[in-house]
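Reproduced below: work_13.cif, with mmCIF, C-alpha atoms.
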data_target
loop_
_atom_site.group_PDB
_atom_site.id
_atom_site.type_symbol
_atom_site.label_atom_id
_atom_site.label_comp_id
_atom_site.auth_asym_id
_atom_site.auth_seq_id
_atom_site.Cartn_x
_atom_site.Cartn_y
_atom_site.Cartn_z
ATOM 1 C CA MET F 1 -75.225 -43.466 -86.764
ATOM 2 C CA ILE F 2 -75.137 -44.933 -83.264
ATOM 3 C CA SER F 3 -74.656 -48.713 -83.161
ATOM 4 C CA LEU F 4 -74.854 -51.515 -80.623
ATOM 5 C CA SER F 5 -71.067 -51.472 -80.196
ATOM 6 C CA TYR F 6 -71.186 -48.078 -78.401
ATOM 7 C CA PHE F 7 -73.383 -49.398 -75.621
ATOM 8 C CA LEU F 8 -71.585 -52.733 -75.292
ATOM 9 C CA VAL F 9 -68.156 -51.111 -74.907
ATOM 10 C CA PHE F 10 -69.539 -48.527 -72.473
ATOM 11 C CA ALA F 11 -71.228 -51.210 -70.344
ATOM 12 C CA ALA F 12 -68.077 -53.365 -70.393
ATOM 13 C CA ALA F 13 -66.017 -50.403 -69.136
ATOM 14 C CA LEU F 14 -68.541 -49.631 -66.376
ATOM 15 C CA PHE F 15 -68.589 -53.305 -65.342
ATOM 16 C CA CYS F 16 -64.791 -53.480 -65.145
ATOM 17 C CA ILE F 17 -64.557 -50.282 -63.079
ATOM 18 C CA GLY F 18 -67.110 -51.772 -60.685
ATOM 19 C CA LEU F 19 -65.149 -55.031 -60.572
ATOM 20 C CA TYR F 20 -62.006 -53.112 -59.615
ATOM 21 C CA GLY F 21 -63.944 -51.416 -56.795
ATOM 22 C CA VAL F 22 -65.247 -54.749 -55.513
ATOM 23 C CA LEU F 23 -61.827 -56.403 -55.559
ATOM 24 C CA ALA F 24 -59.646 -53.537 -54.347
ATOM 25 C CA ARG F 25 -61.596 -51.494 -51.779
ATOM 26 C CA LYS F 26 -61.313 -52.214 -48.058
ATOM 27 C CA ASN F 27 -64.531 -50.647 -46.817
ATOM 28 C CA ALA F 28 -67.507 -52.980 -47.166
ATOM 29 C CA ILE F 29 -69.879 -50.168 -48.234
ATOM 30 C CA ALA F 30 -67.429 -49.176 -50.990
ATOM 31 C CA ILE F 31 -67.539 -52.799 -52.161
ATOM 32 C CA LEU F 32 -71.337 -52.573 -52.302
ATOM 33 C CA MET F 33 -71.011 -49.421 -54.443
ATOM 34 C CA GLY F 34 -68.839 -51.388 -56.868
ATOM 35 C CA ILE F 35 -71.559 -54.044 -57.066
ATOM 36 C CA GLU F 36 -74.104 -51.310 -57.896
ATOM 37 C CA LEU F 37 -71.927 -50.137 -60.811
ATOM 38 C CA MET F 38 -71.694 -53.712 -62.112
ATOM 39 C CA LEU F 39 -75.464 -54.231 -61.883
ATOM 40 C CA ASN F 40 -76.059 -50.971 -63.760
ATOM 41 C CA ALA F 41 -73.734 -52.162 -66.526
ATOM 42 C CA VAL F 42 -75.740 -55.395 -66.749
ATOM 43 C CA ILE F 43 -79.031 -53.488 -67.052
ATOM 44 C CA ILE F 44 -77.563 -51.283 -69.815
ATOM 45 C CA ASN F 45 -76.524 -54.428 -71.683
ATOM 46 C CA LEU F 46 -79.966 -56.013 -71.345
ATOM 47 C CA LEU F 47 -81.723 -52.864 -72.563
ATOM 48 C CA ALA F 48 -79.218 -52.367 -75.420
ATOM 49 C CA PHE F 49 -79.791 -55.918 -76.668
ATOM 50 C CA TRP F 50 -83.546 -55.394 -76.387
ATOM 51 C CA ARG F 51 -83.430 -52.083 -78.288
ATOM 52 C CA PHE F 52 -81.070 -53.183 -81.059
ATOM 53 C CA ARG F 53 -82.013 -56.842 -81.561
ATOM 54 C CA SER F 54 -85.739 -57.228 -80.789
ATOM 55 C CA PRO F 55 -87.547 -53.953 -79.993
ATOM 56 C CA GLU F 56 -90.901 -55.559 -80.796
ATOM 57 C CA MET F 57 -90.574 -58.097 -77.943
ATOM 58 C CA ILE F 58 -91.006 -56.887 -74.372
ATOM 59 C CA ALA F 59 -89.042 -59.742 -72.711
ATOM 60 C CA GLY F 60 -85.833 -57.700 -72.541
ATOM 61 C CA GLN F 61 -87.479 -54.949 -70.510
ATOM 62 C CA VAL F 62 -89.151 -57.471 -68.179
ATOM 63 C CA PHE F 63 -85.744 -59.031 -67.520
ATOM 64 C CA ALA F 64 -84.329 -55.594 -66.669
ATOM 65 C CA VAL F 65 -87.206 -54.940 -64.226
ATOM 66 C CA ILE F 66 -86.380 -58.185 -62.390
ATOM 67 C CA VAL F 67 -82.697 -57.184 -62.186
ATOM 68 C CA PHE F 68 -83.783 -53.847 -60.664
ATOM 69 C CA ALA F 69 -85.833 -55.647 -57.978
ATOM 70 C CA VAL F 70 -82.960 -58.008 -57.149
ATOM 71 C CA ALA F 71 -80.528 -55.069 -56.893
ATOM 72 C CA ALA F 72 -82.807 -53.265 -54.435
ATOM 73 C CA ALA F 73 -83.177 -56.420 -52.290
ATOM 74 C CA GLU F 74 -79.422 -56.997 -52.338
ATOM 75 C CA VAL F 75 -78.605 -53.470 -51.136
ATOM 76 C CA ALA F 76 -81.180 -53.583 -48.322
ATOM 77 C CA VAL F 77 -79.887 -56.889 -46.919
ATOM 78 C CA GLY F 78 -76.227 -55.940 -47.476
ATOM 79 C CA LEU F 79 -76.454 -52.648 -45.620
ATOM 80 C CA ALA F 80 -78.389 -54.289 -42.761
ATOM 81 C CA LEU F 81 -75.584 -56.860 -42.464
ATOM 82 C CA PHE F 82 -72.914 -54.161 -42.364
ATOM 83 C CA ILE F 83 -74.744 -52.183 -39.675
ATOM 84 C CA SER F 84 -75.121 -55.370 -37.627
ATOM 85 C CA ILE F 85 -71.420 -56.198 -38.056
ATOM 86 C CA TYR F 86 -70.462 -52.650 -37.084
ATOM 87 C CA ARG F 87 -72.472 -52.984 -33.842
ATOM 88 C CA ARG F 88 -70.748 -56.209 -32.846
ATOM 89 C CA ARG F 89 -67.189 -55.653 -34.034
ATOM 90 C CA ASN F 90 -66.978 -51.868 -34.410
ATOM 91 C CA THR F 91 -65.509 -52.056 -37.911
ATOM 92 C CA ILE F 92 -66.680 -52.616 -41.471
ATOM 93 C CA ALA F 93 -63.257 -52.925 -43.088
ATOM 94 C CA ALA F 94 -63.450 -56.115 -45.129
ATOM 95 C CA ASP F 95 -59.993 -57.294 -44.043
ATOM 96 C CA GLU F 96 -60.852 -56.997 -40.322
ATOM 97 C CA ILE F 97 -64.023 -59.114 -40.583
ATOM 98 C CA ASP F 98 -62.100 -62.384 -40.355
ATOM 99 C CA LEU F 99 -64.047 -64.458 -37.807
ATOM 100 C CA LEU F 100 -64.301 -67.383 -40.231
ATOM 101 C CA LYS F 101 -60.620 -67.214 -41.196
ATOM 102 C CA TRP F 102 -58.673 -70.120 -39.736
ATOM 103 C CA MET C 1 -71.219 -37.179 -85.997
ATOM 104 C CA THR C 2 -74.907 -37.059 -85.327
ATOM 105 C CA VAL C 3 -76.499 -35.313 -82.341
ATOM 106 C CA LEU C 4 -77.199 -38.705 -80.749
ATOM 107 C CA GLN C 5 -73.522 -39.653 -80.929
ATOM 108 C CA VAL C 6 -72.432 -36.378 -79.325
ATOM 109 C CA ILE C 7 -74.924 -36.849 -76.467
ATOM 110 C CA PHE C 8 -73.773 -40.441 -76.046
ATOM 111 C CA LEU C 9 -70.082 -39.536 -75.907
ATOM 112 C CA ILE C 10 -70.558 -36.696 -73.394
ATOM 113 C CA THR C 11 -72.702 -38.922 -71.167
ATOM 114 C CA ALA C 12 -70.241 -41.813 -71.446
ATOM 115 C CA VAL C 13 -67.263 -39.642 -70.457
ATOM 116 C CA VAL C 14 -69.107 -38.108 -67.478
ATOM 117 C CA THR C 15 -70.447 -41.496 -66.317
ATOM 118 C CA LEU C 16 -67.157 -43.375 -66.593
ATOM 119 C CA GLY C 17 -65.258 -40.501 -64.958
ATOM 120 C CA GLY C 18 -67.745 -40.551 -62.082
ATOM 121 C CA ALA C 19 -67.434 -44.330 -61.816
ATOM 122 C CA VAL C 20 -63.631 -44.137 -61.608
ATOM 123 C CA LEU C 21 -63.942 -41.561 -58.818
ATOM 124 C CA VAL C 22 -66.450 -43.801 -56.974
ATOM 125 C CA VAL C 23 -63.885 -46.580 -56.705
ATOM 126 C CA THR C 24 -60.833 -44.378 -56.035
ATOM 127 C CA VAL C 25 -61.702 -41.442 -53.718
ATOM 128 C CA ARG C 26 -60.851 -42.011 -50.061
ATOM 129 C CA ASN C 27 -63.780 -40.154 -48.493
ATOM 130 C CA LEU C 28 -66.803 -42.454 -48.632
ATOM 131 C CA ILE C 29 -69.364 -39.644 -48.597
ATOM 132 C CA HIS C 30 -67.677 -38.173 -51.684
ATOM 133 C CA ALA C 31 -67.730 -41.631 -53.264
ATOM 134 C CA ALA C 32 -71.489 -41.818 -52.637
ATOM 135 C CA LEU C 33 -71.993 -38.387 -54.262
ATOM 136 C CA TRP C 34 -69.983 -39.469 -57.324
ATOM 137 C CA LEU C 35 -72.113 -42.626 -57.378
ATOM 138 C CA ILE C 36 -75.207 -40.409 -57.694
ATOM 139 C CA LEU C 37 -73.644 -38.629 -60.705
ATOM 140 C CA THR C 38 -72.810 -41.985 -62.289
ATOM 141 C CA LEU C 39 -76.357 -43.254 -61.746
ATOM 142 C CA PHE C 40 -77.723 -40.099 -63.429
ATOM 143 C CA GLY C 41 -75.440 -40.764 -66.400
ATOM 144 C CA VAL C 42 -76.771 -44.321 -66.629
ATOM 145 C CA ALA C 43 -80.324 -42.928 -66.495
ATOM 146 C CA VAL C 44 -79.495 -40.785 -69.559
ATOM 147 C CA MET C 45 -78.210 -43.955 -71.265
ATOM 148 C CA TYR C 46 -81.585 -45.632 -70.675
ATOM 149 C CA GLY C 47 -83.197 -42.579 -72.253
ATOM 150 C CA LEU C 48 -80.924 -42.926 -75.298
ATOM 151 C CA LEU C 49 -82.071 -46.553 -75.575
ATOM 152 C CA SER C 50 -85.695 -45.234 -75.614
ATOM 153 C CA ALA C 51 -86.465 -47.078 -72.376
ATOM 154 C CA THR C 52 -88.048 -44.046 -70.727
ATOM 155 C CA PHE C 53 -89.687 -46.099 -67.975
ATOM 156 C CA PHE C 54 -86.231 -47.177 -66.819
ATOM 157 C CA THR C 55 -84.968 -43.595 -66.767
ATOM 158 C CA VAL C 56 -87.706 -42.795 -64.270
ATOM 159 C CA ILE C 57 -87.218 -45.832 -62.041
ATOM 160 C CA GLN C 58 -83.448 -45.343 -62.121
ATOM 161 C CA VAL C 59 -83.918 -41.887 -60.614
ATOM 162 C CA VAL C 60 -86.575 -43.057 -58.144
ATOM 163 C CA ILE C 61 -85.060 -46.377 -56.991
ATOM 164 C CA TYR C 62 -81.311 -45.993 -57.452
ATOM 165 C CA ILE C 63 -80.819 -42.316 -56.716
ATOM 166 C CA GLY C 64 -83.830 -41.762 -54.478
ATOM 167 C CA ALA C 65 -83.580 -44.934 -52.418
ATOM 168 C CA ILE C 66 -80.335 -46.880 -52.827
ATOM 169 C CA ALA C 67 -77.888 -43.954 -52.874
ATOM 170 C CA ILE C 68 -79.589 -42.319 -49.885
ATOM 171 C CA LEU C 69 -79.602 -45.660 -48.018
ATOM 172 C CA MET C 70 -75.858 -45.916 -48.679
ATOM 173 C CA ILE C 71 -75.209 -42.419 -47.334
ATOM 174 C CA PHE C 72 -77.168 -43.356 -44.197
ATOM 175 C CA ALA C 73 -75.137 -46.547 -43.789
ATOM 176 C CA ILE C 74 -71.869 -44.622 -44.244
ATOM 177 C CA MET C 75 -72.873 -42.142 -41.560
ATOM 178 C CA LEU C 76 -73.994 -44.922 -39.179
ATOM 179 C CA THR C 77 -70.709 -46.806 -39.478
ATOM 180 C CA ARG C 78 -68.174 -44.028 -39.041
ATOM 181 C CA ARG C 79 -65.356 -44.674 -36.660
ATOM 182 C CA VAL C 80 -62.992 -42.269 -34.983
ATOM 183 C CA LYS C 81 -59.764 -43.267 -36.690
ATOM 184 C CA GLN C 82 -61.468 -43.914 -39.987
ATOM 185 C CA GLU C 83 -59.557 -43.225 -43.182
ATOM 186 C CA ALA C 84 -56.326 -44.004 -41.396
ATOM 187 C CA GLY C 85 -54.207 -46.081 -43.725
ATOM 188 C CA SER C 86 -54.875 -47.028 -47.306
ATOM 189 C CA SER C 87 -58.415 -47.291 -48.680
ATOM 190 C CA VAL C 88 -57.433 -50.202 -50.930
ATOM 191 C CA ASN C 89 -56.015 -53.579 -49.968
ATOM 192 C CA LYS C 90 -52.602 -54.986 -50.798
ATOM 193 C CA GLY C 91 -53.702 -56.707 -54.001
ATOM 194 C CA TRP C 92 -55.169 -53.589 -55.643
ATOM 195 C CA TRP C 93 -52.771 -53.719 -58.607
ATOM 196 C CA LEU C 94 -53.857 -57.311 -59.229
ATOM 197 C CA ALA C 95 -57.495 -56.173 -59.158
ATOM 198 C CA GLY C 96 -56.725 -53.385 -61.645
ATOM 199 C CA LEU C 97 -54.871 -55.813 -63.900
ATOM 200 C CA MET C 98 -57.774 -58.284 -63.786
ATOM 201 C CA SER C 99 -60.285 -55.553 -64.661
ATOM 202 C CA LEU C 100 -58.149 -54.407 -67.596
ATOM 203 C CA VAL C 101 -57.739 -57.974 -68.876
ATOM 204 C CA LEU C 102 -61.492 -58.591 -68.552
ATOM 205 C CA PHE C 103 -62.288 -55.352 -70.420
ATOM 206 C CA THR C 104 -59.890 -56.193 -73.253
ATOM 207 C CA ALA C 105 -61.252 -59.740 -73.464
ATOM 208 C CA LEU C 106 -64.882 -58.530 -73.515
ATOM 209 C CA VAL C 107 -64.248 -55.945 -76.245
ATOM 210 C CA TRP C 108 -62.260 -58.458 -78.314
ATOM 211 C CA MET C 109 -65.021 -61.056 -77.907
ATOM 212 C CA PHE C 110 -67.729 -58.570 -78.907
ATOM 213 C CA SER C 111 -65.741 -57.368 -81.930
ATOM 214 C CA THR C 112 -65.564 -60.912 -83.330
ATOM 215 C CA TRP C 113 -69.381 -61.195 -83.154
ATOM 216 C CA SER C 114 -71.256 -60.437 -86.386
ATOM 217 C CA GLY C 115 -74.008 -58.414 -84.666
ATOM 218 C CA PHE C 116 -71.552 -55.953 -83.114
ATOM 219 C CA GLN C 117 -72.276 -53.137 -85.584
ATOM 220 C CA THR C 118 -76.078 -53.531 -85.573
ATOM 221 C CA THR C 119 -77.588 -50.128 -86.309
ATOM 222 C CA LEU C 120 -80.573 -48.684 -84.496
ATOM 223 C CA PRO C 121 -83.804 -50.327 -85.742
ATOM 224 C CA VAL C 122 -86.928 -48.179 -85.864
ATOM 225 C CA MET C 123 -89.242 -48.586 -82.901
ATOM 226 C CA PRO C 124 -92.644 -50.163 -83.685
ATOM 227 C CA ALA C 125 -94.893 -47.194 -84.460
ATOM 228 C CA ASN C 126 -97.945 -46.274 -82.377
ATOM 229 C CA VAL C 127 -96.988 -48.589 -79.521
ATOM 230 C CA ASP C 128 -96.807 -47.268 -75.965
ATOM 231 C CA MET C 129 -93.924 -49.273 -74.523
ATOM 232 C CA VAL C 130 -94.815 -48.511 -70.894
ATOM 233 C CA LYS C 131 -98.318 -49.822 -71.492
ATOM 234 C CA VAL C 132 -96.994 -52.964 -73.185
ATOM 235 C CA LEU C 133 -94.546 -53.545 -70.331
ATOM 236 C CA GLY C 134 -97.228 -53.082 -67.676
ATOM 237 C CA THR C 135 -99.574 -55.488 -69.450
ATOM 238 C CA ALA C 136 -96.830 -58.076 -69.917
ATOM 239 C CA LEU C 137 -95.870 -57.952 -66.228
ATOM 240 C CA VAL C 138 -99.342 -58.819 -64.914
ATOM 241 C CA SER C 139 -100.886 -60.870 -67.707
ATOM 242 C CA PRO C 140 -101.082 -64.657 -67.125
ATOM 243 C CA ASN C 141 -99.848 -65.183 -70.701
ATOM 244 C CA GLY C 142 -96.929 -62.880 -69.993
ATOM 245 C CA TYR C 143 -94.589 -62.668 -67.047
ATOM 246 C CA VAL C 144 -96.843 -62.716 -64.014
ATOM 247 C CA ILE C 145 -94.927 -65.536 -62.270
ATOM 248 C CA PRO C 146 -91.479 -63.842 -62.421
ATOM 249 C CA PHE C 147 -93.207 -60.638 -61.308
ATOM 250 C CA GLU C 148 -94.775 -62.343 -58.269
ATOM 251 C CA ILE C 149 -91.507 -64.103 -57.410
ATOM 252 C CA ALA C 150 -89.775 -60.712 -57.482
ATOM 253 C CA SER C 151 -92.367 -59.328 -55.041
ATOM 254 C CA VAL C 152 -91.853 -62.300 -52.686
ATOM 255 C CA LEU C 153 -88.085 -61.714 -52.932
ATOM 256 C CA LEU C 154 -88.535 -58.052 -52.004
ATOM 257 C CA LEU C 155 -90.742 -58.991 -49.034
ATOM 258 C CA ALA C 156 -88.164 -61.540 -47.866
ATOM 259 C CA ALA C 157 -85.397 -58.922 -48.191
ATOM 260 C CA LEU C 158 -87.495 -56.427 -46.222
ATOM 261 C CA ILE C 159 -88.087 -58.857 -43.341
ATOM 262 C CA GLY C 160 -84.507 -60.121 -43.522
ATOM 263 C CA ALA C 161 -83.054 -56.600 -43.305
ATOM 264 C CA VAL C 162 -85.191 -55.809 -40.252
ATOM 265 C CA VAL C 163 -84.239 -59.075 -38.499
ATOM 266 C CA VAL C 164 -80.518 -58.712 -39.261
ATOM 267 C CA ALA C 165 -80.245 -55.075 -38.204
ATOM 268 C CA TRP C 166 -82.417 -55.541 -35.089
ATOM 269 C CA GLU C 167 -80.628 -54.496 -31.912
ATOM 270 C CA ARG C 168 -81.230 -57.136 -29.253
ATOM 271 C CA LYS C 169 -81.523 -55.765 -25.736
ATOM 272 C CA SER C 170 -80.052 -58.292 -23.359
#
Can you present the structure in this file as structure tokens?
Amino acid sequence: MISLSYFLVFAAALFCIGLYGVLARKNAIAILMGIELMLNAVIINLLAFWRFRSPEMIAGQVFAVIVFAVAAAEVAVGLALFISIYRRRNTIAADEIDLLKW
Amino acid sequence: MTVLQVIFLITAVVTLGGAVLVVTVRNLIHAALWLILTLFGVAVMYGLLSATFFTVIQVVIYIGAIAILMIFAIMLTRRVKQEAGSSVNKGWWLAGLMSLVLFTALVWMFSTWSGFQTTLPVMPANVDMVKVLGTALVSPNGYVIPFEIASVLLLAALIGAVVVAWERKS
């Protein structure tokens, strides 16, 4: 029988892989991909808690819908920023965008 | 092992393998394609959690919009000597160590919680979850205010993206 632990461990693994991508990659778009993996892990967790703990209440699904909307907004603004940075500085490597570094 | 467990394990292995490739392959276009596979795996997970509405919007929003947007951004920001040098920064081993420590800590923390082995409860019979969700999102007794705030956020992101990416002719 499948239990809540399956989904929690899976989501934790997905989140940690995404965290590694965010911390280790140089390219800013690769960092954004890591953030997508982490957000997906969060949505899996929300839906797993809804399904296993309170399937008669809809609040868990509503929460997941809001996370979806925030993720879409975040990607749109993030990619616009990177395209703008690329136009001005001709690079999107995170370690070369150091204008604010003293 | 039940059928559900077999489906879960296959999906989990494919999804996590795809995720590892997303964060390790050097070619960004390949990383984006692996990301699409990973997102499909997550969509199957939503299906296993009987959240069918989320399976559909995962395919439509994440794979149909976000992944394609990322491929566009990758192609718009190519440079000639790209992929020269390492694709990870100097502290990558520290990042890997931190992720491993976080994973171990999370699993240990979950395993000490009494609800960790909760088995699958039966869904309420004769209830259309999509209908319930749609009603809850727009009913004044439900979640209409978070729903409207999310739409304002999306509008702000739309305008913000256009303003930020606008090329000024001077």
For the structure shown, which residues end up in the PyMOL selection byres ((chain F and resi 66) around 12)? Put them as a ChimeraX atom specification, please? /F:39,42-43,46,59-65,67-73 /C:54,137,143-154
Please enumerate the residues selected by the PyMOL selection byres ((chain F) within 8 of (chain C)) when evaluated against the supplied file, formatted as a ChimeraX atom specification. /F:1-5,8-10,12-14,16-21,23-27,29-30,33-34,37,40,44,47-48,51-53,55-56,58,61-62,66,69-70,72-77,79-81,83-84,86,90-92
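Counting from CA of Phe7 in chain F, the distance to CA of Ile36 in chain C is 20.1 Å.
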One decimal, in Å: what's the spacing between CA of Gly18 in chain C and CA of Trp34 in chain C?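 Between CA of Gly18 in chain C and CA of Trp34 in chain C the gap works out to 5.4 Å.
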I need the residue nearest Phe49 in chain F from this list: F:Leu32, F:Leu99, F:Ala11, F:Ala94. Use all atoms listed in the file for the distance.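 Counting all atoms listed in the file, the residue closest to Phe49 in chain F is F:Ala11.
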Please indicate the distance in Å from CA of Arg89 in chain F to CA of Glu36 in chain F, rounded to one decimal place.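 CA of Arg89 in chain F sits 25.2 Å away from CA of Glu36 in chain F.
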From the set F:Val22, F:Tyr6, F:Asn45, F:Ala28, which residue has the shortest atom-to-atom contact distance to Gly78 in chain F, counting only C-alpha atoms?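 Using only C-alpha atoms, the shortest distance to Gly78 in chain F belongs to F:Ala28.
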